[in-house]
Amino acid sequence: LYMSPEQCEGSEDLDAKVDVYALGVMLYEMIAGHLPFTADTAAALMRQHMFKDPPLLAEQVPGLPASLTSLVHQMLAKKPSDRPRMVEVADLLDRLLAESESLQGGPHALSGVN
């Protein structure tokens, strides 16, 4: 469910970008409420990870910050070189959290706990 395209292809030349992809799938699932890809067989699911673009998050959940939807879709890029590095992911998520806290009034604004 969370394998990167290069893992699905059976590549032995794997790096940290597989983790960026897997986290992108998890973020997509957390935000949209469902996985970006589903299929009846493992082979069909792997083909989707390798060749199909996920549905746009902005259409799945209107009103999301464009920077968040852009980040998730970059993380789900088919080519590892097109994905951000994990440190870039962490930095942007930190910024988004800080913006949310300042707009909603507190360190737990995203979780609804004040």
# chains A, B, ... in the order shown; residues from 1 in each chain; ligands from 1

call {"tool": "residues_around", "arguments": {"residues": "segment 28-41 of chain A", "least_positions_apart": "6", "cutoff": "9 Å", "atoms": "only C-alpha atoms", "output": "PyMOL selection string"}}
result
chain A and resi 1+48-49+52-55+57+60-61+69+72-73

call {"tool": "residues_around", "arguments": {"residues": "segment 84-91 of chain A", "least_positions_apart": "6", "cutoff": "12 Å", "atoms": "only C-alpha atoms", "output": "list of chain:residue names"}}
result
A:Asp15, A:Ala16, A:Lys17, A:Val18, A:Asp19, A:Val20, A:Tyr21, A:Ala22, A:Leu23, A:Gly24, A:Leu27, A:Ser67, A:Leu68, A:Ser70, A:Leu71, A:Val72, A:His73, A:Gln74, A:Met75, A:Leu76, A:Ala77, A:Lys78, A:Leu97, A:Ala98

call {"tool": "select_by_dssp", "arguments": {"residues": "chain A", "states": "helix (DSSP H, G or I)", "output": "PyMOL selection string"}}
result
chain A and resi 5-8+17-32+42-51+57-60+66-75+80-82+86-104

call {"tool": "closest_residue", "arguments": {"among": "A:Ser11, A:Pro65, A:Lys79, A:Glu99", "to": "Phe51 of chain A", "atoms": "only C-alpha atoms"}}
result
A:Lys79

call {"tool": "residues_around", "arguments": {"residues": "Cys8 of chain A", "least_positions_apart": "6", "cutoff": "9 Å", "atoms": "only C-alpha atoms", "output": "list in words"}}
result
Ala43, Met46, Arg47, His49 and Met50 of chain A

call {"tool": "atom_distance", "arguments": {"atom1": "atom CA of Asp94 of chain A", "atom2": "atom CA of Gly63 of chain A"}}
result
19.2 Å
